[in-house]
There are 2 protein chains.
Amino acid sequence: MKNFSIAKSRRIRSTPYTSRIEKQGVTAYTIYNHMLLPAAFGPIEDSYHHLKAHVQVWDVAAERQVEISGKDSAKLIQLMTCRDLSKSKVGRCYYCPIIDDTGNLVNDPVVLKLDENKWWISIADSDVIFFAKGLASGNRFDVKIIEPNVDIMAIQGPKSFSLMEKVFGKKIIELNFFGFDYFDFKGTKHLIARSGWSKQGGFEVYVQSTSSGQKLYDHLFEAGKEFNVKPGCPNLIERIEGALLSYGNDFDNNDNPFECGFDQYVALDSEVNFLGKEKLRKIKLEGVQKKLMGVKIDAKEISLTGSKDVFDDNNNVVGELRSAIYSPHFKKVIGIAMIKKSHWQSSQSFKIEINDNSFSGNVCDLPFI
Amino acid sequence: MKNFSIAKSRRIRSTPYTSRIEKQGVTAYTIYNHMLLPAAFGPIEDSYHHLKAHVQVWDVAAERQVEISGKDSAKLIQLMTCRDLSKSKVGRCYYCPIIDDTGNLVNDPVVLKLDENKWWISIADSDVIFFAKGLASGNRFDVKIIEPNVDIMAIQGPKSFSLMEKVFGKKIIELNFFGFDYFDFKGTKHLIARSGWSKQGGFEVYVQSTSSGQKLYDHLFEAGKEFNVKPGCPNLIERIEGALLSYGNDFDNNDNPFECGFDQYVALDSEVNFLGKEKLRKIKLEGVQKKLMGVKIDAKEISLTGSKDVFDDNNNVVGELRSAIYSPHFKKVIGIAMIKKSHWQSSQSFKIEINDNSFSGNVCDLPFI
């Protein structure tokens, strides 16, 4: 595939770490929440193997926060997500599909409960802030909604625990998955969560003090030498193998949570009030006609820049491939596809055209690994 | 400045014209409304001279539409914009700043009144659809809100009138500025407005029939040979000279319409009800402390990837440069900056650092030309 340059401007925001990653050899960017998100440091397969064996530091400042505070903040947060947050605790992260009143998805953020009346929504790539502002205004909620100055860096990979223990002390590796707490770096407190957009384990530092964050970024590379630390970014191979779904890629505002396998987060039997609840009840009753599944394709490469239909033997469309890449682990192309009900049975076969050649594939359950 | 590749994926949507512009030599992209927007076909200065003398066809499908229809559609549209739309007419386009209830800007779209109860909001780069959905839900409005399948191509430049007359007949050049109507191309009706993101004159075709639109795209290049037609895109030099403001670049959700020179669109004295009206009344009464102005800098080049502070002789920050480029017309760098009140007087001087060198500049009124 031919390469095209990205035209930078103020609208495509740089991060506090951009100048650093450009010195460290970033080769490609994507845009996420109107901000630069590194997409490659050289070959993705090299980064994949490194991520699974060592530790990487990622500039994921593009995971922006929507801060909601004030008397009605819990009410607004609950209205936006189908997950029951009535028993949520301060100091915990919650994966929360955000739903509009048609029952479709708006985003799939991680929500951090900072306080009973203060929340951060750590968003995927859509302007949740304007959804929140519209809802707050229309419902006359007493809340304050801002995008705070928070620029996340992630430390991911099996050796992230050793590196973070070296920098922050033993207490940090006692954090439970999706727990967060505050940790000191040279006199500055940082909110650090045990989370991140890989299945290799790790942490996310929600940097509010930019200068301390930049010093921490540099320090992690110094302290991490013994753990073979490298700069990195969310890895397409690793995230597909682990079925970490991506809003905009695998699903969007035309899909509902049942089609995306989010059933466990749809609290239809709870008492809580959220948008689309009645619509989702109806959808569940009627059953969905398509859902996200894994696919394996007997091909050695693919370069997907949009949706790609998959067919049965009679050339009927039976699904739509949305993300895909060659997996060194499976030695074939793997992907995430929205598959019609007729083809939900695991290992059912289909056909797909890649560069004018026909390949056969099979559906499978998610995650792959 | 070093070039970085853009990593394509389904989330970074291609347009119906992408494969065409890639054959025609697009060299850089930006992302706008989660979609590819061409940013250069070779040197921007060459395209600038061509645009001012001839005609270009632009893939601006990234100017997405938010369609609002239904009984309360006019009420919702009016709630979102500070412009008085009570006398708006079907068949007209309206430049409408969208305001949140803090009085700050959410977007600055062109609104098309398709029918008394059907509107398109042709948006700049932010998810207005979720703002509209939040407001509609909170206010229990009876509306339907979707992103329709509309992919705009623009025909811009002084010879656009001759080209469009050749393709669509005499009636099309009778369209008034910001008027729209429906025109036939080989049996398919297309909504065409006299509008576009340049000051060189032209049209925008709101393509709903993708296959007819692609044929029209190809036909415009055939029919346009005699007018020296070329592929193009919004041009940074031309748009700064003409002071076509860009949401995200020149202003954003931290700025209010008075700071951006939108005074004529803020209908404080009208009867209409819109978000932030009381806030804006207060802001107007107190007066703003910063506003967007033009700047001219005695430099031969600049490559701006974010905001850049400008200083007085005592090194106090007196403003923030937000967009800038070398102008062949003025033979210096020109730009759009948010300038503090102390420096509003035209021709007032300031200092700025570019690549470690200090340059002097002067503020001026907008537009430049």
# chains A, B, ... in the order shown; residues from 1 in each chain; ligands from 1
>>> closest_atom_pairs(of="chain B", to="chain A", cutoff="9 Å", atoms="only C-alpha atoms", output="tab-separated table")
residue	atom	partner	partner_atom	distance
B:Lys2	CA	A:Glu22	CA	8.9
B:Asn3	CA	A:Ser5	CA	5.9
B:Phe4	CA	A:Ala28	CA	5.3
B:Ser5	CA	A:Ser5	CA	4.5
B:Ile6	CA	A:Tyr29	CA	5.2
B:Ala7	CA	A:Thr30	CA	5.3
B:Lys8	CA	A:Thr305	CA	5.4
B:Ser9	CA	A:Thr305	CA	4.3
B:Arg10	CA	A:Gly306	CA	3.9
B:Arg11	CA	A:Gly248	CA	4.3
B:Ile12	CA	A:Thr305	CA	7.8
B:Arg13	CA	A:Gly306	CA	6.6
B:Ser14	CA	A:Gly306	CA	6.9
B:Glu22	CA	A:Lys2	CA	8.9
B:Val26	CA	A:Phe4	CA	8.0
B:Thr27	CA	A:Phe4	CA	5.7
B:Ala28	CA	A:Ser5	CA	4.5
B:Tyr29	CA	A:Ile6	CA	5.2
B:Thr30	CA	A:Ala7	CA	5.3
B:Ile31	CA	A:Ile31	CA	6.9
B:Tyr32	CA	A:His34	CA	8.5
B:His34	CA	A:Ile31	CA	8.2
B:Pro38	CA	A:Ala7	CA	8.9
B:Ala39	CA	A:Ala7	CA	6.4
B:Ala40	CA	A:Ala7	CA	8.2
B:Asp100	CA	A:Lys133	CA	7.3
B:Asp101	CA	A:Ser137	CA	7.0
B:Val106	CA	A:Phe130	CA	7.8
B:Asp125	CA	A:His34	CA	8.5
B:Ser126	CA	A:Asp127	CA	6.8
B:Asp127	CA	A:Asp127	CA	5.5
B:Val128	CA	A:Phe130	CA	7.2
B:Ile129	CA	A:Phe131	CA	8.3
B:Phe130	CA	A:Phe131	CA	4.6
B:Phe131	CA	A:Phe130	CA	4.6
B:Ala132	CA	A:Gly134	CA	6.7
B:Lys133	CA	A:Phe131	CA	6.9
B:Gly134	CA	A:Gly134	CA	4.1
B:Leu135	CA	A:Gly134	CA	4.2
B:Ala136	CA	A:Gly138	CA	7.3
B:Ser137	CA	A:Leu135	CA	6.8
B:Gly138	CA	A:Gly138	CA	3.8
B:Asn139	CA	A:Gly138	CA	4.7
B:Arg140	CA	A:Gly138	CA	8.1
B:Ser246	CA	A:Arg11	CA	8.5
B:Tyr247	CA	A:Arg11	CA	7.6
B:Gly248	CA	A:Arg11	CA	4.3
B:Asn249	CA	A:Arg11	CA	4.6
B:Asp250	CA	A:Arg10	CA	8.0
B:Asp252	CA	A:Arg11	CA	8.8
B:Leu275	CA	A:Ser137	CA	8.4
B:Ser303	CA	A:Ser9	CA	8.6
B:Leu304	CA	A:Ser9	CA	6.2
B:Thr305	CA	A:Ser9	CA	4.3
B:Gly306	CA	A:Arg10	CA	3.9
B:Ser307	CA	A:Arg10	CA	6.2
B:Arg322	CA	A:Arg10	CA	6.5
B:Ser323	CA	A:Arg10	CA	7.3
>>> residues_around(residues="Leu220 in chain B", least_positions_apart="4", cutoff="10 Å", atoms="only C-alpha atoms", output="ChimeraX atom specification")
/B:56-57,155,163-164,166-167,214-216,224-225,229-230
>>> write_last_selection(atoms="all heavy atoms", output="CSV table (one decimal), in the first residue's frame")
chain,number,residue,atom,x,y,z
B,56,GLN,N,-10.7,23.7,-9.8
B,56,GLN,CA,-10.3,22.5,-9.2
B,56,GLN,C,-11.5,21.7,-8.7
B,56,GLN,O,-12.6,22.3,-8.3
B,56,GLN,CB,-9.4,22.8,-7.9
B,56,GLN,CG,-8.1,23.4,-8.3
B,56,GLN,CD,-7.2,23.7,-7.1
B,56,GLN,OE1,-7.6,23.4,-5.9
B,56,GLN,NE2,-6.0,24.1,-7.4
B,57,VAL,N,-11.4,20.4,-8.7
B,57,VAL,CA,-12.4,19.5,-8.1
B,57,VAL,C,-11.8,18.9,-6.8
B,57,VAL,O,-10.7,18.4,-6.8
B,57,VAL,CB,-12.8,18.4,-9.1
B,57,VAL,CG1,-13.8,17.4,-8.4
B,57,VAL,CG2,-13.4,19.0,-10.4
B,155,ILE,N,-16.4,22.1,-6.5
B,155,ILE,CA,-15.8,22.6,-7.7
B,155,ILE,C,-15.5,24.1,-7.4
B,155,ILE,O,-16.4,24.9,-7.2
B,155,ILE,CB,-16.8,22.5,-8.9
B,155,ILE,CG1,-17.1,21.0,-9.1
B,155,ILE,CG2,-16.2,23.1,-10.1
B,155,ILE,CD1,-18.2,20.4,-8.4
B,163,LEU,N,-17.3,25.7,-16.1
B,163,LEU,CA,-17.3,24.2,-16.1
B,163,LEU,C,-18.7,23.7,-15.7
B,163,LEU,O,-19.3,22.8,-16.3
B,163,LEU,CB,-16.2,23.7,-15.1
B,163,LEU,CG,-16.2,22.2,-14.9
B,163,LEU,CD1,-16.2,21.4,-16.2
B,163,LEU,CD2,-15.1,21.7,-14.0
B,164,MET,N,-19.2,24.3,-14.6
B,164,MET,CA,-20.5,23.8,-14.2
B,164,MET,C,-21.7,24.1,-15.2
B,164,MET,O,-22.6,23.3,-15.3
B,164,MET,CB,-20.9,24.4,-12.8
B,164,MET,CG,-19.9,23.9,-11.7
B,164,MET,SD,-20.1,22.1,-11.4
B,164,MET,CE,-21.4,22.1,-10.2
B,166,LYS,N,-21.3,24.2,-18.4
B,166,LYS,CA,-21.1,23.2,-19.4
B,166,LYS,C,-21.7,21.9,-19.1
B,166,LYS,O,-22.3,21.2,-19.9
B,166,LYS,CB,-19.6,23.0,-19.7
B,166,LYS,CG,-19.3,22.1,-20.9
B,166,LYS,CD,-17.8,22.0,-21.1
B,166,LYS,CE,-17.4,21.0,-22.2
B,166,LYS,NZ,-16.0,20.8,-22.3
B,167,VAL,N,-21.6,21.5,-17.8
B,167,VAL,CA,-22.1,20.2,-17.4
B,167,VAL,C,-23.6,20.2,-17.0
B,167,VAL,O,-24.4,19.3,-17.4
B,167,VAL,CB,-21.3,19.7,-16.2
B,167,VAL,CG1,-21.9,18.3,-15.6
B,167,VAL,CG2,-19.9,19.5,-16.5
B,214,GLN,N,-19.6,9.4,-8.6
B,214,GLN,CA,-18.3,9.0,-9.1
B,214,GLN,C,-18.2,9.3,-10.6
B,214,GLN,O,-17.2,9.7,-11.1
B,214,GLN,CB,-18.0,7.5,-8.8
B,214,GLN,CG,-17.7,7.3,-7.3
B,214,GLN,CD,-17.7,5.8,-6.9
B,214,GLN,OE1,-18.4,5.0,-7.5
B,214,GLN,NE2,-16.9,5.5,-5.9
B,215,LYS,N,-19.3,9.0,-11.3
B,215,LYS,CA,-19.3,9.3,-12.7
B,215,LYS,C,-19.2,10.8,-13.0
B,215,LYS,O,-18.5,11.2,-13.9
B,215,LYS,CB,-20.6,8.8,-13.4
B,215,LYS,CG,-20.6,7.3,-13.6
B,215,LYS,CD,-21.9,6.7,-14.2
B,215,LYS,CE,-22.0,5.2,-14.1
B,215,LYS,NZ,-23.2,4.8,-13.4
B,216,LEU,N,-19.9,11.6,-12.1
B,216,LEU,CA,-19.8,13.0,-12.3
B,216,LEU,C,-18.4,13.5,-12.0
B,216,LEU,O,-17.9,14.4,-12.7
B,216,LEU,CB,-20.8,13.7,-11.3
B,216,LEU,CG,-20.7,15.2,-11.1
B,216,LEU,CD1,-21.0,15.9,-12.4
B,216,LEU,CD2,-21.7,15.7,-10.0
B,224,GLY,N,-13.7,19.3,-18.1
B,224,GLY,CA,-12.9,20.5,-17.6
B,224,GLY,C,-11.6,20.7,-18.2
B,224,GLY,O,-10.9,21.7,-17.9
B,225,LYS,N,-11.2,19.8,-19.1
B,225,LYS,CA,-9.9,19.9,-19.8
B,225,LYS,C,-9.7,21.3,-20.4
B,225,LYS,O,-8.6,21.9,-20.2
B,225,LYS,CB,-9.7,18.9,-20.9
B,225,LYS,CG,-9.2,17.5,-20.3
B,225,LYS,CD,-9.1,16.5,-21.4
B,225,LYS,CE,-8.9,15.1,-20.8
B,225,LYS,NZ,-9.1,14.0,-21.8
B,229,VAL,N,-8.7,22.1,-15.6
B,229,VAL,CA,-9.2,21.6,-14.3
B,229,VAL,C,-8.1,20.7,-13.7
B,229,VAL,O,-7.4,20.0,-14.4
B,229,VAL,CB,-10.5,20.8,-14.5
B,229,VAL,CG1,-10.3,19.5,-15.3
B,229,VAL,CG2,-11.1,20.4,-13.1
B,230,LYS,N,-7.9,20.7,-12.4
B,230,LYS,CA,-7.0,19.9,-11.6
B,230,LYS,C,-7.7,19.4,-10.3
B,230,LYS,O,-8.6,20.1,-9.8
B,230,LYS,CB,-5.7,20.6,-11.3
B,230,LYS,CG,-4.8,20.8,-12.5
B,230,LYS,CD,-3.4,21.3,-12.0
B,230,LYS,CE,-2.5,21.5,-13.3
B,230,LYS,NZ,-1.2,22.0,-12.9
>>> residues_around(residues="Ile354 in chain B", least_positions_apart="2", cutoff="10 Å", atoms="only C-alpha atoms", output="number ranges by chain")
B: 299, 301-304, 308, 351-352, 356-359
>>> select_by_dssp(residues="range 62-207 of chain B", states="alpha helix (DSSP H)", output="ChimeraX atom specification")
/B:73-80,128-138,160-168
>>> write_last_selection(atoms="C-alpha atoms", output="mmCIF file, in the first residue's frame")
data_model
loop_
_atom_site.group_PDB
_atom_site.id
_atom_site.type_symbol
_atom_site.label_atom_id
_atom_site.label_comp_id
_atom_site.auth_asym_id
_atom_site.auth_seq_id
_atom_site.Cartn_x
_atom_site.Cartn_y
_atom_site.Cartn_z
ATOM 1 C CA SER B 73 -36.299 19.692 14.118
ATOM 2 C CA ALA B 74 -36.449 23.485 13.726
ATOM 3 C CA LYS B 75 -36.594 23.876 17.519
ATOM 4 C CA LEU B 76 -33.506 21.696 17.981
ATOM 5 C CA ILE B 77 -31.539 23.440 15.213
ATOM 6 C CA GLN B 78 -32.367 26.846 16.711
ATOM 7 C CA LEU B 79 -31.429 25.678 20.206
ATOM 8 C CA MET B 80 -27.978 24.758 18.893
ATOM 9 C CA VAL B 128 -22.116 17.502 16.313
ATOM 10 C CA ILE B 129 -24.323 14.421 15.904
ATOM 11 C CA PHE B 130 -23.758 13.470 19.547
ATOM 12 C CA PHE B 131 -24.419 17.011 20.765
ATOM 13 C CA ALA B 132 -27.702 16.942 18.834
ATOM 14 C CA LYS B 133 -28.600 13.478 20.136
ATOM 15 C CA GLY B 134 -27.892 14.510 23.734
ATOM 16 C CA LEU B 135 -29.973 17.677 23.434
ATOM 17 C CA ALA B 136 -32.834 15.892 21.675
ATOM 18 C CA SER B 137 -32.937 13.156 24.302
ATOM 19 C CA GLY B 138 -32.700 15.532 27.261
ATOM 20 C CA SER B 160 -15.866 26.715 -11.908
ATOM 21 C CA PHE B 161 -18.789 28.690 -13.336
ATOM 22 C CA SER B 162 -17.915 27.846 -16.946
ATOM 23 C CA LEU B 163 -17.307 24.213 -16.099
ATOM 24 C CA MET B 164 -20.541 23.810 -14.155
ATOM 25 C CA GLU B 165 -22.548 25.591 -16.865
ATOM 26 C CA LYS B 166 -21.084 23.207 -19.427
ATOM 27 C CA VAL B 167 -22.122 20.184 -17.366
ATOM 28 C CA PHE B 168 -25.427 21.321 -15.831
#
>>> select_by_dssp(residues="range 164-360 of chain A", states="strand (DSSP E)", output="number ranges by chain")
A: 180-185, 188-193, 202-207, 230-232, 290-297, 308-311, 317-327, 332-340, 349-354, 357-360
>>> residues_around(residues="Ile121 in chain A", least_positions_apart="5", cutoff="10 Å", atoms="only C-alpha atoms", output="list of chain:residue names")
A:Glu63, A:Arg64, A:Gln65, A:Val66, A:Glu67, A:Ile68, A:Ile77, A:Cys93, A:Tyr94, A:Tyr95, A:Cys96, A:Asp108, A:Pro109, A:Val110, A:Val111, A:Leu112, A:Lys113, A:Val128, A:Ile129, A:Glu147
>>> residues_around(residues="Gly361 in chain A", least_positions_apart="4", cutoff="10 Å", atoms="only C-alpha atoms", output="PDB file with all heavy atoms, in the first residue's frame")
ATOM      1  N   VAL A 295     -12.306 -14.103  12.641  1.00  0.00           N
ATOM      2  CA  VAL A 295     -12.157 -14.843  11.386  1.00  0.00           C
ATOM      3  C   VAL A 295     -10.685 -15.182  11.180  1.00  0.00           C
ATOM      4  O   VAL A 295      -9.800 -14.437  11.610  1.00  0.00           O
ATOM      5  CB  VAL A 295     -12.672 -14.060  10.153  1.00  0.00           C
ATOM      6  CG1 VAL A 295     -14.159 -13.747  10.280  1.00  0.00           C
ATOM      7  CG2 VAL A 295     -11.885 -12.778   9.938  1.00  0.00           C
ATOM      8  N   LYS A 296     -10.463 -16.328  10.545  1.00  0.00           N
ATOM      9  CA  LYS A 296      -9.112 -16.705  10.123  1.00  0.00           C
ATOM     10  C   LYS A 296      -9.155 -16.919   8.618  1.00  0.00           C
ATOM     11  O   LYS A 296     -10.070 -17.575   8.110  1.00  0.00           O
ATOM     12  CB  LYS A 296      -8.667 -17.994  10.823  1.00  0.00           C
ATOM     13  CG  LYS A 296      -8.466 -17.833  12.321  1.00  0.00           C
ATOM     14  CD  LYS A 296      -8.092 -19.157  12.972  1.00  0.00           C
ATOM     15  CE  LYS A 296      -8.033 -19.000  14.491  1.00  0.00           C
ATOM     16  NZ  LYS A 296      -7.953 -20.311  15.182  1.00  0.00           N
ATOM     17  N   ILE A 297      -8.210 -16.328   7.928  1.00  0.00           N
ATOM     18  CA  ILE A 297      -8.213 -16.372   6.464  1.00  0.00           C
ATOM     19  C   ILE A 297      -6.896 -16.971   5.992  1.00  0.00           C
ATOM     20  O   ILE A 297      -5.817 -16.586   6.473  1.00  0.00           O
ATOM     21  CB  ILE A 297      -8.396 -14.943   5.890  1.00  0.00           C
ATOM     22  CG1 ILE A 297      -9.714 -14.340   6.397  1.00  0.00           C
ATOM     23  CG2 ILE A 297      -8.347 -14.954   4.365  1.00  0.00           C
ATOM     24  CD1 ILE A 297      -9.847 -12.847   6.158  1.00  0.00           C
ATOM     25  N   ASP A 298      -6.993 -17.880   5.040  1.00  0.00           N
ATOM     26  CA  ASP A 298      -5.788 -18.571   4.542  1.00  0.00           C
ATOM     27  C   ASP A 298      -5.014 -17.672   3.590  1.00  0.00           C
ATOM     28  O   ASP A 298      -4.881 -17.982   2.401  1.00  0.00           O
ATOM     29  CB  ASP A 298      -6.179 -19.877   3.845  1.00  0.00           C
ATOM     30  CG  ASP A 298      -6.817 -20.844   4.819  1.00  0.00           C
ATOM     31  OD1 ASP A 298      -6.322 -20.931   5.972  1.00  0.00           O
ATOM     32  OD2 ASP A 298      -7.826 -21.484   4.468  1.00  0.00           O
ATOM     33  N   ALA A 299      -4.506 -16.576   4.124  1.00  0.00           N
ATOM     34  CA  ALA A 299      -3.741 -15.635   3.303  1.00  0.00           C
ATOM     35  C   ALA A 299      -2.555 -15.169   4.120  1.00  0.00           C
ATOM     36  O   ALA A 299      -2.534 -15.297   5.350  1.00  0.00           O
ATOM     37  CB  ALA A 299      -4.604 -14.445   2.899  1.00  0.00           C
ATOM     38  N   VAL A 310     -17.548 -10.357   3.082  1.00  0.00           N
ATOM     39  CA  VAL A 310     -17.190 -11.764   2.929  1.00  0.00           C
ATOM     40  C   VAL A 310     -18.434 -12.500   2.414  1.00  0.00           C
ATOM     41  O   VAL A 310     -19.570 -12.101   2.688  1.00  0.00           O
ATOM     42  CB  VAL A 310     -16.643 -12.385   4.239  1.00  0.00           C
ATOM     43  CG1 VAL A 310     -15.467 -11.578   4.762  1.00  0.00           C
ATOM     44  CG2 VAL A 310     -17.717 -12.507   5.308  1.00  0.00           C
ATOM     45  N   PHE A 311     -18.216 -13.584   1.646  1.00  0.00           N
ATOM     46  CA  PHE A 311     -19.285 -14.225   0.875  1.00  0.00           C
ATOM     47  C   PHE A 311     -19.390 -15.713   1.168  1.00  0.00           C
ATOM     48  O   PHE A 311     -18.404 -16.352   1.551  1.00  0.00           O
ATOM     49  CB  PHE A 311     -18.993 -14.057  -0.622  1.00  0.00           C
ATOM     50  CG  PHE A 311     -18.868 -12.618  -1.064  1.00  0.00           C
ATOM     51  CD1 PHE A 311     -17.628 -11.970  -1.049  1.00  0.00           C
ATOM     52  CD2 PHE A 311     -19.992 -11.911  -1.489  1.00  0.00           C
ATOM     53  CE1 PHE A 311     -17.509 -10.643  -1.449  1.00  0.00           C
ATOM     54  CE2 PHE A 311     -19.877 -10.587  -1.893  1.00  0.00           C
ATOM     55  CZ  PHE A 311     -18.634  -9.941  -1.873  1.00  0.00           C
ATOM     56  N   LYS A 332      -1.492 -17.011   9.596  1.00  0.00           N
ATOM     57  CA  LYS A 332      -2.495 -16.637   8.600  1.00  0.00           C
ATOM     58  C   LYS A 332      -3.079 -15.273   8.990  1.00  0.00           C
ATOM     59  O   LYS A 332      -2.738 -14.734  10.048  1.00  0.00           O
ATOM     60  CB  LYS A 332      -3.589 -17.690   8.467  1.00  0.00           C
ATOM     61  CG  LYS A 332      -4.237 -18.122   9.769  1.00  0.00           C
ATOM     62  CD  LYS A 332      -5.367 -19.131   9.532  1.00  0.00           C
ATOM     63  CE  LYS A 332      -4.871 -20.497   9.110  1.00  0.00           C
ATOM     64  NZ  LYS A 332      -5.941 -21.494   8.934  1.00  0.00           N
ATOM     65  N   VAL A 333      -3.930 -14.754   8.133  1.00  0.00           N
ATOM     66  CA  VAL A 333      -4.592 -13.489   8.456  1.00  0.00           C
ATOM     67  C   VAL A 333      -5.700 -13.754   9.464  1.00  0.00           C
ATOM     68  O   VAL A 333      -6.470 -14.712   9.318  1.00  0.00           O
ATOM     69  CB  VAL A 333      -5.165 -12.836   7.175  1.00  0.00           C
ATOM     70  CG1 VAL A 333      -6.132 -11.709   7.523  1.00  0.00           C
ATOM     71  CG2 VAL A 333      -4.026 -12.304   6.288  1.00  0.00           C
ATOM     72  N   ILE A 334      -5.767 -12.915  10.496  1.00  0.00           N
ATOM     73  CA  ILE A 334      -6.884 -12.994  11.442  1.00  0.00           C
ATOM     74  C   ILE A 334      -7.587 -11.643  11.461  1.00  0.00           C
ATOM     75  O   ILE A 334      -6.997 -10.617  11.120  1.00  0.00           O
ATOM     76  CB  ILE A 334      -6.422 -13.372  12.867  1.00  0.00           C
ATOM     77  CG1 ILE A 334      -5.482 -12.296  13.432  1.00  0.00           C
ATOM     78  CG2 ILE A 334      -5.751 -14.741  12.873  1.00  0.00           C
ATOM     79  CD1 ILE A 334      -5.206 -12.479  14.923  1.00  0.00           C
ATOM     80  N   SER A 347     -16.150 -22.158  12.936  1.00  0.00           N
ATOM     81  CA  SER A 347     -15.445 -22.862  11.855  1.00  0.00           C
ATOM     82  C   SER A 347     -16.222 -22.862  10.534  1.00  0.00           C
ATOM     83  O   SER A 347     -15.760 -23.437   9.552  1.00  0.00           O
ATOM     84  CB  SER A 347     -15.039 -24.282  12.252  1.00  0.00           C
ATOM     85  OG  SER A 347     -16.088 -25.168  12.024  1.00  0.00           O
ATOM     86  N   GLN A 348     -17.402 -22.209  10.507  1.00  0.00           N
ATOM     87  CA  GLN A 348     -18.121 -22.071   9.242  1.00  0.00           C
ATOM     88  C   GLN A 348     -17.238 -21.305   8.230  1.00  0.00           C
ATOM     89  O   GLN A 348     -16.515 -20.389   8.603  1.00  0.00           O
ATOM     90  CB  GLN A 348     -19.423 -21.301   9.488  1.00  0.00           C
ATOM     91  CG  GLN A 348     -20.505 -21.645   8.490  1.00  0.00           C
ATOM     92  CD  GLN A 348     -21.896 -21.563   9.100  1.00  0.00           C
ATOM     93  OE1 GLN A 348     -22.046 -21.559  10.335  1.00  0.00           O
ATOM     94  NE2 GLN A 348     -22.903 -21.505   8.262  1.00  0.00           N
ATOM     95  N   SER A 349     -17.301 -21.676   6.983  1.00  0.00           N
ATOM     96  CA  SER A 349     -16.367 -21.100   6.003  1.00  0.00           C
ATOM     97  C   SER A 349     -16.993 -19.979   5.179  1.00  0.00           C
ATOM     98  O   SER A 349     -18.215 -19.858   5.085  1.00  0.00           O
ATOM     99  CB  SER A 349     -15.839 -22.191   5.073  1.00  0.00           C
ATOM    100  OG  SER A 349     -16.885 -22.640   4.247  1.00  0.00           O
ATOM    101  N   PHE A 350     -16.142 -19.144   4.622  1.00  0.00           N
ATOM    102  CA  PHE A 350     -16.575 -18.049   3.732  1.00  0.00           C
ATOM    103  C   PHE A 350     -15.464 -17.774   2.730  1.00  0.00           C
ATOM    104  O   PHE A 350     -14.360 -18.336   2.825  1.00  0.00           O
ATOM    105  CB  PHE A 350     -16.909 -16.788   4.544  1.00  0.00           C
ATOM    106  CG  PHE A 350     -15.744 -16.255   5.334  1.00  0.00           C
ATOM    107  CD1 PHE A 350     -14.765 -15.456   4.736  1.00  0.00           C
ATOM    108  CD2 PHE A 350     -15.604 -16.564   6.683  1.00  0.00           C
ATOM    109  CE1 PHE A 350     -13.683 -14.985   5.459  1.00  0.00           C
ATOM    110  CE2 PHE A 350     -14.518 -16.096   7.415  1.00  0.00           C
ATOM    111  CZ  PHE A 350     -13.563 -15.306   6.810  1.00  0.00           C
ATOM    112  N   LYS A 351     -15.774 -16.899   1.790  1.00  0.00           N
ATOM    113  CA  LYS A 351     -14.791 -16.476   0.784  1.00  0.00           C
ATOM    114  C   LYS A 351     -14.565 -14.973   0.888  1.00  0.00           C
ATOM    115  O   LYS A 351     -15.461 -14.231   1.284  1.00  0.00           O
ATOM    116  CB  LYS A 351     -15.307 -16.780  -0.624  1.00  0.00           C
ATOM    117  CG  LYS A 351     -15.406 -18.260  -0.953  1.00  0.00           C
ATOM    118  CD  LYS A 351     -15.736 -18.458  -2.438  1.00  0.00           C
ATOM    119  CE  LYS A 351     -16.970 -17.675  -2.861  1.00  0.00           C
ATOM    120  NZ  LYS A 351     -17.265 -17.741  -4.287  1.00  0.00           N
ATOM    121  N   ILE A 352     -13.369 -14.548   0.525  1.00  0.00           N
ATOM    122  CA  ILE A 352     -13.070 -13.114   0.539  1.00  0.00           C
ATOM    123  C   ILE A 352     -12.072 -12.811  -0.580  1.00  0.00           C
ATOM    124  O   ILE A 352     -11.219 -13.655  -0.904  1.00  0.00           O
ATOM    125  CB  ILE A 352     -12.524 -12.668   1.918  1.00  0.00           C
ATOM    126  CG1 ILE A 352     -12.351 -11.145   1.974  1.00  0.00           C
ATOM    127  CG2 ILE A 352     -11.222 -13.382   2.270  1.00  0.00           C
ATOM    128  CD1 ILE A 352     -12.108 -10.604   3.378  1.00  0.00           C
TER     129      ILE A 352
END
>>> residues_around(residues="Arg83 in chain B", least_positions_apart="3", cutoff="6 Å", atoms="only C-alpha atoms", output="list in words")
Cys96, Tyr265, Val266 and Ala267 of chain B
>>> write_last_selection(atoms="N, CA, C and O atoms", output="short mmCIF file (atom, residue, chain, number, x, y, z; two decimals), in the first residue's frame")
data_model
loop_
_atom_site.label_atom_id
_atom_site.label_comp_id
_atom_site.auth_asym_id
_atom_site.auth_seq_id
_atom_site.Cartn_x
_atom_site.Cartn_y
_atom_site.Cartn_z
N CYS B 96 -23.76 28.93 10.63
CA CYS B 96 -24.36 28.93 11.97
C CYS B 96 -23.39 28.46 13.04
O CYS B 96 -23.20 27.25 13.22
N TYR B 265 -23.55 37.03 13.94
CA TYR B 265 -24.39 35.83 13.99
C TYR B 265 -24.95 35.55 15.39
O TYR B 265 -25.59 34.53 15.61
N VAL B 266 -24.68 36.44 16.34
CA VAL B 266 -25.14 36.21 17.71
C VAL B 266 -26.39 37.06 17.95
O VAL B 266 -26.32 38.25 18.21
N ALA B 267 -27.55 36.39 17.86
CA ALA B 267 -28.83 37.11 17.86
C ALA B 267 -29.35 37.35 19.27
O ALA B 267 -30.42 36.87 19.65
#
